[in-house]
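query-v7.cif, holding mmCIF, C-alpha atoms:
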data_entry
loop_
_atom_site.label_atom_id
_atom_site.label_comp_id
_atom_site.auth_asym_id
_atom_site.auth_seq_id
_atom_site.Cartn_x
_atom_site.Cartn_y
_atom_site.Cartn_z
CA LEU P 1 111.71 75.38 65.82
CA THR P 2 111.38 74.79 62.07
CA ASN P 3 111.09 76.72 58.83
CA ARG P 4 108.34 74.36 57.68
CA CYS P 5 104.61 75.08 57.80
CA ASN P 6 101.52 73.25 56.65
CA LEU P 7 99.90 76.55 55.62
CA SER P 8 100.70 79.05 52.89
CA CYS P 9 99.21 82.30 54.19
CA SER P 10 99.25 85.10 51.64
CA TYR P 11 100.78 87.66 53.99
CA CYS P 12 103.20 85.47 55.93
CA TYR P 13 106.42 87.37 56.63
CA VAL P 14 108.42 84.20 57.36
CA ALA P 15 110.14 82.43 54.49
CA VAL P 16 108.43 79.10 55.18
CA ASN P 17 108.62 76.08 52.92
CA GLN P 18 111.39 77.67 50.88
CA GLY P 19 114.70 75.96 50.38
CA PRO P 20 115.81 72.95 52.39
CA ALA P 21 113.91 72.00 55.53
CA LYS P 22 115.59 73.20 58.70
CA ARG P 23 114.84 72.46 62.33
CA LEU P 24 116.53 72.95 65.63
CA ASP P 25 117.91 69.90 67.38
CA TRP P 26 117.81 69.35 71.12
CA ASP P 27 121.53 69.86 71.74
CA GLY P 28 121.55 73.22 69.95
CA LEU P 29 118.32 74.36 71.58
CA LYS P 30 119.48 73.28 75.05
CA ALA P 31 122.73 75.22 74.64
CA VAL P 32 120.81 78.36 73.67
CA LEU P 33 118.42 77.90 76.60
CA ASP P 34 121.30 77.44 79.04
CA ASP P 35 122.93 80.66 77.79
CA PHE P 36 119.60 82.45 78.04
CA PHE P 37 118.95 81.24 81.60
CA ALA P 38 122.45 82.32 82.63
CA THR P 39 121.80 85.89 81.44
CA PRO P 40 120.88 88.12 84.40
CA VAL P 41 117.63 89.57 83.07
CA PRO P 42 114.74 89.90 85.54
CA LYS P 43 111.88 89.03 83.17
CA LYS P 44 112.43 86.27 80.66
CA LYS P 45 110.18 85.04 77.88
CA ILE P 46 110.60 82.13 75.50
CA THR P 47 108.41 82.09 72.40
CA PHE P 48 108.10 79.00 70.23
CA LEU P 49 107.60 79.90 66.58
CA GLY P 50 108.05 78.48 63.14
CA GLY P 51 107.04 77.90 60.50
CA GLU P 52 104.64 75.85 62.51
CA PRO P 53 106.03 74.77 65.91
CA PHE P 54 103.55 71.90 66.27
CA LEU P 55 105.38 70.18 63.41
CA ASP P 56 108.00 69.44 66.07
CA PHE P 57 105.84 69.21 69.17
CA PRO P 58 108.18 66.79 71.02
CA LEU P 59 110.98 69.36 70.86
CA MET P 60 108.67 72.15 72.07
CA GLU P 61 107.45 69.98 74.94
CA ARG P 62 111.01 69.00 75.89
CA ALA P 63 112.18 72.63 75.85
CA SER P 64 109.17 73.74 77.90
CA THR P 65 109.73 71.00 80.47
CA TYR P 66 113.43 71.89 80.65
CA ALA P 67 112.60 75.58 81.12
CA ARG P 68 110.26 74.76 84.00
CA GLU P 69 112.87 72.50 85.60
CA LYS P 70 115.53 75.24 85.35
CA THR P 71 113.42 78.24 86.35
CA GLY P 72 110.30 76.92 88.02
CA TRP P 73 107.03 78.76 87.77
CA GLY P 74 106.18 82.17 89.18
CA ASP P 75 108.38 84.91 87.78
CA GLY P 76 110.98 82.50 86.39
CA VAL P 77 110.10 82.58 82.72
CA VAL P 78 107.07 83.18 80.53
CA LEU P 79 106.56 80.48 77.93
CA GLN P 80 104.41 81.03 74.87
CA ALA P 81 103.79 79.41 71.51
CA PHE P 82 102.32 80.86 68.34
CA THR P 83 100.60 78.32 66.12
CA ASN P 84 98.16 78.16 63.25
CA GLY P 85 96.27 75.59 65.34
CA THR P 86 95.73 73.04 62.57
CA LEU P 87 98.06 70.41 64.00
CA ALA P 88 97.39 70.84 67.71
CA THR P 89 95.70 67.94 69.44
CA ARG P 90 93.72 68.13 72.66
CA GLU P 91 96.44 66.17 74.44
CA GLN P 92 99.19 68.49 73.20
CA LEU P 93 97.27 71.61 74.24
CA GLU P 94 96.60 70.09 77.66
CA THR P 95 100.32 69.27 78.01
CA LEU P 96 101.25 72.86 77.20
CA ARG P 97 98.60 74.13 79.61
CA ARG P 98 100.06 71.93 82.36
CA LEU P 99 103.51 73.34 81.61
CA GLY P 100 102.16 76.90 81.74
CA VAL P 101 102.77 77.61 78.05
CA HIS P 102 100.44 80.31 76.76
CA VAL P 103 99.25 79.26 73.30
CA THR P 104 98.18 81.86 70.75
CA ILE P 105 96.43 80.68 67.62
CA SER P 106 96.72 82.77 64.48
CA LEU P 107 93.19 83.26 63.14
CA ASP P 108 91.73 86.31 61.45
CA GLY P 109 87.99 86.04 62.09
CA LYS P 110 84.93 84.43 60.64
CA LYS P 111 85.38 81.84 57.91
CA GLU P 112 85.12 84.10 54.88
CA VAL P 113 87.69 86.52 56.36
CA ASN P 114 90.05 83.91 57.80
CA ASP P 115 90.12 81.56 54.85
CA ALA P 116 90.66 84.36 52.33
CA HIS P 117 94.34 84.56 53.34
CA ARG P 118 95.07 81.46 55.44
CA LYS P 119 95.37 78.44 53.15
CA PHE P 120 96.56 74.89 53.63
CA HIS P 121 99.80 74.25 51.76
CA GLY P 122 98.86 71.96 48.88
CA ASN P 123 95.12 72.03 49.72
CA PRO P 124 93.93 75.65 49.42
CA ASP P 125 90.22 74.76 49.31
CA LYS P 126 90.16 73.17 52.78
CA SER P 127 88.92 75.55 55.49
CA VAL P 128 91.58 76.47 58.03
CA ILE P 129 89.17 77.93 60.55
CA ASP P 130 86.80 74.95 60.40
CA ASP P 131 89.74 72.67 61.12
CA VAL P 132 91.01 74.76 64.06
CA LEU P 133 87.60 75.31 65.66
CA ARG P 134 86.90 71.60 65.50
CA ARG P 135 90.15 70.92 67.36
CA ILE P 136 89.53 73.43 70.16
CA LYS P 137 85.74 73.24 70.36
CA ASP P 138 85.46 71.75 73.84
CA LEU P 139 88.70 73.09 75.30
CA PRO P 140 88.81 75.81 77.95
CA LYS P 141 90.03 79.01 76.35
CA ASP P 142 91.60 80.57 79.48
CA ASN P 143 95.08 79.53 78.31
CA LEU P 144 94.38 80.12 74.62
CA GLY P 145 94.75 83.40 72.82
CA VAL P 146 94.01 84.38 69.28
CA SER P 147 95.99 86.72 67.07
CA LEU P 148 94.27 88.41 64.14
CA VAL P 149 95.90 89.86 61.08
CA PHE P 150 93.66 92.30 59.27
CA THR P 151 94.16 93.81 55.85
CA ALA P 152 92.82 96.90 54.12
CA GLU P 153 90.32 94.50 52.54
CA THR P 154 89.13 93.04 55.87
CA VAL P 155 89.43 96.03 58.22
CA ASP P 156 85.71 96.81 57.71
CA ARG P 157 84.97 93.62 59.66
CA PHE P 158 87.70 94.05 62.25
CA LEU P 159 85.46 94.70 65.27
CA GLU P 160 83.04 91.99 64.20
CA ASN P 161 85.92 89.50 64.10
CA VAL P 162 87.31 90.58 67.48
CA ASP P 163 83.81 90.15 68.93
CA TYR P 164 83.53 86.71 67.28
CA PHE P 165 86.57 85.47 69.23
CA TYR P 166 85.59 87.31 72.41
CA ARG P 167 82.26 85.47 72.43
CA MET P 168 84.12 82.17 72.04
CA GLY P 169 85.87 82.88 75.34
CA PHE P 170 89.49 83.39 74.26
CA SER P 171 91.47 84.85 77.16
CA ARG P 172 93.68 87.02 74.94
CA ILE P 173 92.89 88.66 71.63
CA THR P 174 95.71 90.47 69.87
CA PHE P 175 95.80 91.95 66.41
CA THR P 176 98.08 93.52 63.87
CA PRO P 177 97.55 95.11 60.48
CA GLU P 178 99.07 93.55 57.40
CA LEU P 179 102.08 95.83 57.11
CA TYR P 180 103.36 94.97 53.67
CA GLU P 181 100.45 96.36 51.71
CA ILE P 182 99.65 99.95 50.80
CA TRP P 183 96.60 101.10 52.76
CA PRO P 184 94.29 103.56 51.01
CA GLU P 185 93.53 106.63 53.14
CA ARG P 186 89.81 105.70 53.41
CA LYS P 187 90.76 102.34 54.97
CA ILE P 188 93.07 104.05 57.47
CA VAL P 189 90.06 106.14 58.52
CA VAL P 190 88.06 102.92 59.05
CA LEU P 191 90.91 101.53 61.17
CA GLU P 192 91.16 104.71 63.26
CA LYS P 193 87.43 104.56 64.01
CA ALA P 194 87.60 100.88 64.93
CA LEU P 195 90.53 101.43 67.29
#
Final C-alpha cells representation of the file:
Amino acid sequence: LTNRCNLSCSYCYVAVNQGPAKRLDWDGLKAVLDDFFATPVPKKKITFLGGEPFLDFPLMERASTYAREKTGWGDGVVLQAFTNGTLATREQLETLRRLGVHVTISLDGKKEVNDAHRKFHGNPDKSVIDDVLRRIKDLPKDNLGVSLVFTAETVDRFLENVDYFYRMGFSRITFTPELYEIWPERKIVVLEKAL
C-alpha cells in the first residue's frame, strides 16, 4: 500500500523510507482488484504489505471490504496483512478480524532478540516489542500470526523464541532466516538441529 514505514529494521529487504513517498490510491487499487477477480484462478489470495500497511489503514479496510463484497467468504479469496504491529489499534484489528483478514505481525522473539534488529525510525531506543505486546495484550490471538526473522546471531535462541510466541497463543508462527548475510557453518549446524 505504501513504501513508507515507521521502523528501520536492519535486515529489511524492502526499500522503505527511501526517495519520495508513494502510496496506492483507491482508483488504481480497485482497477487491479477488478482485474484480479476477473482472472479464472481457483484459489486467490490478497496480501497487504508495505512499508507498513497500517500507515494507510482506511485503504486496506476499503480494499478488504470490497474483496468480500465481490467474492464473499468461503473459498472466494484469502485476505492477509503483514504488519510490524506498532500502529495497529484494537479497533482496527477487530475490523480486520470481522472482514476475515489474517494478520501476521513481524516479531523476532523476546525483547533482546527482537529489538536488536527492529528499530523505530527516528527513535531507535524505543522498544518495538514492548509497544506491540501492549497493543495486542488482551486480544484473542486466533486470527493473529507472528513471523520471525532469525539471523546467524540469534539462531541459538530460535526455539526459545518460537516457544515464547506459542505460549502467548498465536494461531500461526512462521519463520525465515535472514538471507542476505553469510552464515558460518557452525550456525548452519545449529539451525539444522533446531529444525
Please enumerate the residues selected by the PyMOL selection byres ((chain P and resi 124) around 12) when evaluated against the supplied file, formatted as a PyMOL selection string.
chain P and resi 6-10+115-123+125-128
What's the 10 Å shell around Phe57 of chain P, counting all atoms listed in the file, without same-chain residues fewer than 2 positions away, as a PyMOL selection string?
chain P and resi 1+52-55+59-63+87-88+92+96
Let me know the residues the PyMOL selection byres ((chain P and resi 93) around 12) catches in the file above, as a JSON list (two decimals) with C-alpha atoms, in the coordinates of the input.
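Output contents, as saved in out_16.json:
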[["chain", "number", "residue", "atom", "x", "y", "z"],
["P", 54, "PHE", "CA", 103.55, 71.90, 66.27],
["P", 57, "PHE", "CA", 105.84, 69.21, 69.17],
["P", 60, "MET", "CA", 108.67, 72.15, 72.07],
["P", 61, "GLU", "CA", 107.45, 69.98, 74.94],
["P", 80, "GLN", "CA", 104.41, 81.03, 74.87],
["P", 81, "ALA", "CA", 103.79, 79.41, 71.51],
["P", 83, "THR", "CA", 100.60, 78.32, 66.12],
["P", 85, "GLY", "CA", 96.27, 75.59, 65.34],
["P", 86, "THR", "CA", 95.73, 73.04, 62.57],
["P", 87, "LEU", "CA", 98.06, 70.41, 64.00],
["P", 88, "ALA", "CA", 97.39, 70.84, 67.71],
["P", 89, "THR", "CA", 95.70, 67.94, 69.44],
["P", 90, "ARG", "CA", 93.72, 68.13, 72.66],
["P", 91, "GLU", "CA", 96.44, 66.17, 74.44],
["P", 92, "GLN", "CA", 99.19, 68.49, 73.20],
["P", 94, "GLU", "CA", 96.60, 70.09, 77.66],
["P", 95, "THR", "CA", 100.32, 69.27, 78.01],
["P", 96, "LEU", "CA", 101.25, 72.86, 77.20],
["P", 97, "ARG", "CA", 98.60, 74.13, 79.61],
["P", 98, "ARG", "CA", 100.06, 71.93, 82.36],
["P", 99, "LEU", "CA", 103.51, 73.34, 81.61],
["P", 100, "GLY", "CA", 102.16, 76.90, 81.74],
["P", 101, "VAL", "CA", 102.77, 77.61, 78.05],
["P", 102, "HIS", "CA", 100.44, 80.31, 76.76],
["P", 103, "VAL", "CA", 99.25, 79.26, 73.30],
["P", 104, "THR", "CA", 98.18, 81.86, 70.75],
["P", 105, "ILE", "CA", 96.43, 80.68, 67.62],
["P", 135, "ARG", "CA", 90.15, 70.92, 67.36],
["P", 136, "ILE", "CA", 89.53, 73.43, 70.16],
["P", 138, "ASP", "CA", 85.46, 71.75, 73.84],
["P", 139, "LEU", "CA", 88.70, 73.09, 75.30],
["P", 140, "PRO", "CA", 88.81, 75.81, 77.95],
["P", 141, "LYS", "CA", 90.03, 79.01, 76.35],
["P", 142, "ASP", "CA", 91.60, 80.57, 79.48],
["P", 143, "ASN", "CA", 95.08, 79.53, 78.31],
["P", 144, "LEU", "CA", 94.38, 80.12, 74.62]]
Could you work out how far atom CA of Phe170 of chain P lies from atom CA of Gly145 of chain P, giving the answer in Å with one decimal?
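Rounded to one decimal, the two atoms are 5.5 Å apart.
Atom CA of Lys43 of chain P lies 19.5 Å from atom CA of Ala31 of chain P.
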Please return as a list in words every residue within 7 Å of (118.1, 76.5, 80.9), taking into account only C-alpha atoms and the file's own coordinates.
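Within the cut-off we find Lys30, Leu33, Asp34, Phe36, Phe37, Tyr66, Ala67 and Lys70 of chain P.
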May I ask which of the residues P:Asp25, P:Asp131, P:Glu185, P:Asp108 is the closest one to Ala152 of chain P, counting all atoms listed in the file?
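Once distances to Ala152 of chain P are computed over all atoms listed in the file, the minimum belongs to P:Glu185.
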Test item: residues at most 8 Å from Leu24 of chain P, all atoms listed in the file, excluding those fewer than 2 positions along its chain, as a PyMOL selection string:
chain P and resi 1-2+22+26+28-29
Select, from P:Val146, P:Val155, P:Val190, P:Ala38, the residue with the minimum atom-to-atom distance to Arg172 of chain P, counting all atoms listed in the file.
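Checking each candidate against Arg172 of chain P, we get P:Val146 as the closest.
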For segment 144-186 of chain P, write N, CA and C atoms out as a PDB file, in the first residue's frame.
ATOM      1  N   LEU P 144      -4.434 -13.908  14.745  1.00  0.00           N
ATOM      2  CA  LEU P 144      -3.135 -13.240  14.665  1.00  0.00           C
ATOM      3  C   LEU P 144      -2.036 -14.275  14.511  1.00  0.00           C
ATOM      4  N   GLY P 145      -1.129 -14.002  13.608  1.00  0.00           N
ATOM      5  CA  GLY P 145       0.062 -14.818  13.460  1.00  0.00           C
ATOM      6  C   GLY P 145       1.275 -13.975  13.755  1.00  0.00           C
ATOM      7  N   VAL P 146       2.387 -14.634  13.892  1.00  0.00           N
ATOM      8  CA  VAL P 146       3.649 -13.936  14.087  1.00  0.00           C
ATOM      9  C   VAL P 146       4.657 -14.530  13.112  1.00  0.00           C
ATOM     10  N   SER P 147       5.507 -13.677  12.591  1.00  0.00           N
ATOM     11  CA  SER P 147       6.532 -14.103  11.651  1.00  0.00           C
ATOM     12  C   SER P 147       7.890 -13.668  12.175  1.00  0.00           C
ATOM     13  N   LEU P 148       8.747 -14.644  12.434  1.00  0.00           N
ATOM     14  CA  LEU P 148      10.077 -14.384  12.976  1.00  0.00           C
ATOM     15  C   LEU P 148      11.109 -14.364  11.863  1.00  0.00           C
ATOM     16  N   VAL P 149      12.028 -13.434  11.963  1.00  0.00           N
ATOM     17  CA  VAL P 149      13.245 -13.484  11.172  1.00  0.00           C
ATOM     18  C   VAL P 149      14.342 -13.820  12.173  1.00  0.00           C
ATOM     19  N   PHE P 150      15.158 -14.806  11.834  1.00  0.00           N
ATOM     20  CA  PHE P 150      16.294 -15.100  12.705  1.00  0.00           C
ATOM     21  C   PHE P 150      17.571 -14.970  11.903  1.00  0.00           C
ATOM     22  N   THR P 151      18.616 -14.600  12.600  1.00  0.00           N
ATOM     23  CA  THR P 151      19.918 -14.369  11.988  1.00  0.00           C
ATOM     24  C   THR P 151      20.907 -15.397  12.519  1.00  0.00           C
ATOM     25  N   ALA P 152      22.094 -15.417  11.959  1.00  0.00           N
ATOM     26  CA  ALA P 152      23.141 -16.294  12.483  1.00  0.00           C
ATOM     27  C   ALA P 152      23.426 -15.944  13.944  1.00  0.00           C
ATOM     28  N   GLU P 153      23.270 -14.692  14.277  1.00  0.00           N
ATOM     29  CA  GLU P 153      23.493 -14.227  15.650  1.00  0.00           C
ATOM     30  C   GLU P 153      22.394 -14.709  16.601  1.00  0.00           C
ATOM     31  N   THR P 154      21.155 -14.815  16.124  1.00  0.00           N
ATOM     32  CA  THR P 154      20.035 -15.147  17.016  1.00  0.00           C
ATOM     33  C   THR P 154      19.526 -16.573  16.873  1.00  0.00           C
ATOM     34  N   VAL P 155      20.085 -17.357  15.970  1.00  0.00           N
ATOM     35  CA  VAL P 155      19.580 -18.705  15.731  1.00  0.00           C
ATOM     36  C   VAL P 155      19.709 -19.591  16.969  1.00  0.00           C
ATOM     37  N   ASP P 156      20.658 -19.309  17.848  1.00  0.00           N
ATOM     38  CA  ASP P 156      20.809 -20.092  19.082  1.00  0.00           C
ATOM     39  C   ASP P 156      19.557 -20.018  19.958  1.00  0.00           C
ATOM     40  N   ARG P 157      18.773 -18.960  19.795  1.00  0.00           N
ATOM     41  CA  ARG P 157      17.576 -18.763  20.608  1.00  0.00           C
ATOM     42  C   ARG P 157      16.290 -18.974  19.810  1.00  0.00           C
ATOM     43  N   PHE P 158      16.433 -19.540  18.622  1.00  0.00           N
ATOM     44  CA  PHE P 158      15.308 -19.722  17.718  1.00  0.00           C
ATOM     45  C   PHE P 158      14.158 -20.482  18.375  1.00  0.00           C
ATOM     46  N   LEU P 159      14.409 -21.671  18.898  1.00  0.00           N
ATOM     47  CA  LEU P 159      13.335 -22.466  19.500  1.00  0.00           C
ATOM     48  C   LEU P 159      12.743 -21.780  20.724  1.00  0.00           C
ATOM     49  N   GLU P 160      13.569 -21.140  21.497  1.00  0.00           N
ATOM     50  CA  GLU P 160      13.086 -20.387  22.658  1.00  0.00           C
ATOM     51  C   GLU P 160      12.119 -19.291  22.223  1.00  0.00           C
ATOM     52  N   ASN P 161      12.429 -18.629  21.120  1.00  0.00           N
ATOM     53  CA  ASN P 161      11.566 -17.542  20.637  1.00  0.00           C
ATOM     54  C   ASN P 161      10.282 -18.065  20.010  1.00  0.00           C
ATOM     55  N   VAL P 162      10.344 -19.188  19.321  1.00  0.00           N
ATOM     56  CA  VAL P 162       9.123 -19.810  18.800  1.00  0.00           C
ATOM     57  C   VAL P 162       8.225 -20.191  19.971  1.00  0.00           C
ATOM     58  N   ASP P 163       8.797 -20.802  20.994  1.00  0.00           N
ATOM     59  CA  ASP P 163       8.037 -21.198  22.182  1.00  0.00           C
ATOM     60  C   ASP P 163       7.423 -19.984  22.882  1.00  0.00           C
ATOM     61  N   TYR P 164       8.151 -18.894  22.920  1.00  0.00           N
ATOM     62  CA  TYR P 164       7.675 -17.648  23.536  1.00  0.00           C
ATOM     63  C   TYR P 164       6.351 -17.214  22.902  1.00  0.00           C
ATOM     64  N   PHE P 165       6.286 -17.239  21.567  1.00  0.00           N
ATOM     65  CA  PHE P 165       5.057 -16.842  20.883  1.00  0.00           C
ATOM     66  C   PHE P 165       3.985 -17.926  20.967  1.00  0.00           C
ATOM     67  N   TYR P 166       4.387 -19.170  20.958  1.00  0.00           N
ATOM     68  CA  TYR P 166       3.426 -20.267  21.105  1.00  0.00           C
ATOM     69  C   TYR P 166       2.684 -20.137  22.427  1.00  0.00           C
ATOM     70  N   ARG P 167       3.413 -19.854  23.481  1.00  0.00           N
ATOM     71  CA  ARG P 167       2.806 -19.720  24.815  1.00  0.00           C
ATOM     72  C   ARG P 167       1.900 -18.493  24.917  1.00  0.00           C
ATOM     73  N   MET P 168       2.109 -17.516  24.057  1.00  0.00           N
ATOM     74  CA  MET P 168       1.217 -16.351  24.015  1.00  0.00           C
ATOM     75  C   MET P 168      -0.102 -16.677  23.335  1.00  0.00           C
ATOM     76  N   GLY P 169      -0.149 -17.774  22.587  1.00  0.00           N
ATOM     77  CA  GLY P 169      -1.394 -18.186  21.949  1.00  0.00           C
ATOM     78  C   GLY P 169      -1.556 -17.789  20.499  1.00  0.00           C
ATOM     79  N   PHE P 170      -0.489 -17.370  19.823  1.00  0.00           N
ATOM     80  CA  PHE P 170      -0.603 -17.024  18.408  1.00  0.00           C
ATOM     81  C   PHE P 170      -1.038 -18.254  17.613  1.00  0.00           C
ATOM     82  N   SER P 171      -1.967 -18.052  16.680  1.00  0.00           N
ATOM     83  CA  SER P 171      -2.504 -19.180  15.918  1.00  0.00           C
ATOM     84  C   SER P 171      -1.545 -19.661  14.836  1.00  0.00           C
ATOM     85  N   ARG P 172      -0.695 -18.781  14.343  1.00  0.00           N
ATOM     86  CA  ARG P 172       0.270 -19.143  13.305  1.00  0.00           C
ATOM     87  C   ARG P 172       1.630 -18.578  13.688  1.00  0.00           C
ATOM     88  N   ILE P 173       2.646 -19.387  13.552  1.00  0.00           N
ATOM     89  CA  ILE P 173       4.015 -18.927  13.780  1.00  0.00           C
ATOM     90  C   ILE P 173       4.827 -19.363  12.568  1.00  0.00           C
ATOM     91  N   THR P 174       5.306 -18.382  11.828  1.00  0.00           N
ATOM     92  CA  THR P 174       6.139 -18.670  10.669  1.00  0.00           C
ATOM     93  C   THR P 174       7.513 -18.065  10.911  1.00  0.00           C
ATOM     94  N   PHE P 175       8.472 -18.491  10.129  1.00  0.00           N
ATOM     95  CA  PHE P 175       9.831 -18.006  10.349  1.00  0.00           C
ATOM     96  C   PHE P 175      10.632 -18.092   9.065  1.00  0.00           C
ATOM     97  N   THR P 176      11.655 -17.283   9.008  1.00  0.00           N
ATOM     98  CA  THR P 176      12.563 -17.286   7.870  1.00  0.00           C
ATOM     99  C   THR P 176      13.935 -16.831   8.336  1.00  0.00           C
ATOM    100  N   PRO P 177      14.977 -17.410   7.776  1.00  0.00           N
ATOM    101  CA  PRO P 177      16.315 -16.917   8.114  1.00  0.00           C
ATOM    102  C   PRO P 177      16.595 -15.609   7.394  1.00  0.00           C
ATOM    103  N   GLU P 178      17.476 -14.831   7.955  1.00  0.00           N
ATOM    104  CA  GLU P 178      17.947 -13.621   7.285  1.00  0.00           C
ATOM    105  C   GLU P 178      18.837 -14.109   6.148  1.00  0.00           C
ATOM    106  N   LEU P 179      18.419 -13.860   4.927  1.00  0.00           N
ATOM    107  CA  LEU P 179      19.065 -14.469   3.771  1.00  0.00           C
ATOM    108  C   LEU P 179      20.208 -13.662   3.176  1.00  0.00           C
ATOM    109  N   TYR P 180      20.379 -12.442   3.615  1.00  0.00           N
ATOM    110  CA  TYR P 180      21.391 -11.598   2.997  1.00  0.00           C
ATOM    111  C   TYR P 180      22.681 -11.538   3.792  1.00  0.00           C
ATOM    112  N   GLU P 181      22.838 -12.434   4.749  1.00  0.00           N
ATOM    113  CA  GLU P 181      24.088 -12.488   5.488  1.00  0.00           C
ATOM    114  C   GLU P 181      24.778 -13.819   5.192  1.00  0.00           C
ATOM    115  N   ILE P 182      26.053 -13.871   5.441  1.00  0.00           N
ATOM    116  CA  ILE P 182      26.810 -15.104   5.264  1.00  0.00           C
ATOM    117  C   ILE P 182      26.754 -15.866   6.583  1.00  0.00           C
ATOM    118  N   TRP P 183      26.230 -17.080   6.529  1.00  0.00           N
ATOM    119  CA  TRP P 183      26.073 -17.908   7.724  1.00  0.00           C
ATOM    120  C   TRP P 183      27.301 -18.784   7.905  1.00  0.00           C
ATOM    121  N   PRO P 184      27.966 -18.686   9.058  1.00  0.00           N
ATOM    122  CA  PRO P 184      29.086 -19.599   9.323  1.00  0.00           C
ATOM    123  C   PRO P 184      28.558 -21.041   9.425  1.00  0.00           C
ATOM    124  N   GLU P 185      29.366 -21.989   9.037  1.00  0.00           N
ATOM    125  CA  GLU P 185      28.969 -23.395   9.037  1.00  0.00           C
ATOM    126  C   GLU P 185      28.450 -23.835  10.402  1.00  0.00           C
ATOM    127  N   ARG P 186      29.076 -23.400  11.495  1.00  0.00           N
ATOM    128  CA  ARG P 186      28.652 -23.818  12.838  1.00  0.00           C
ATOM    129  C   ARG P 186      27.234 -23.330  13.149  1.00  0.00           C
TER     130      ARG P 186
END
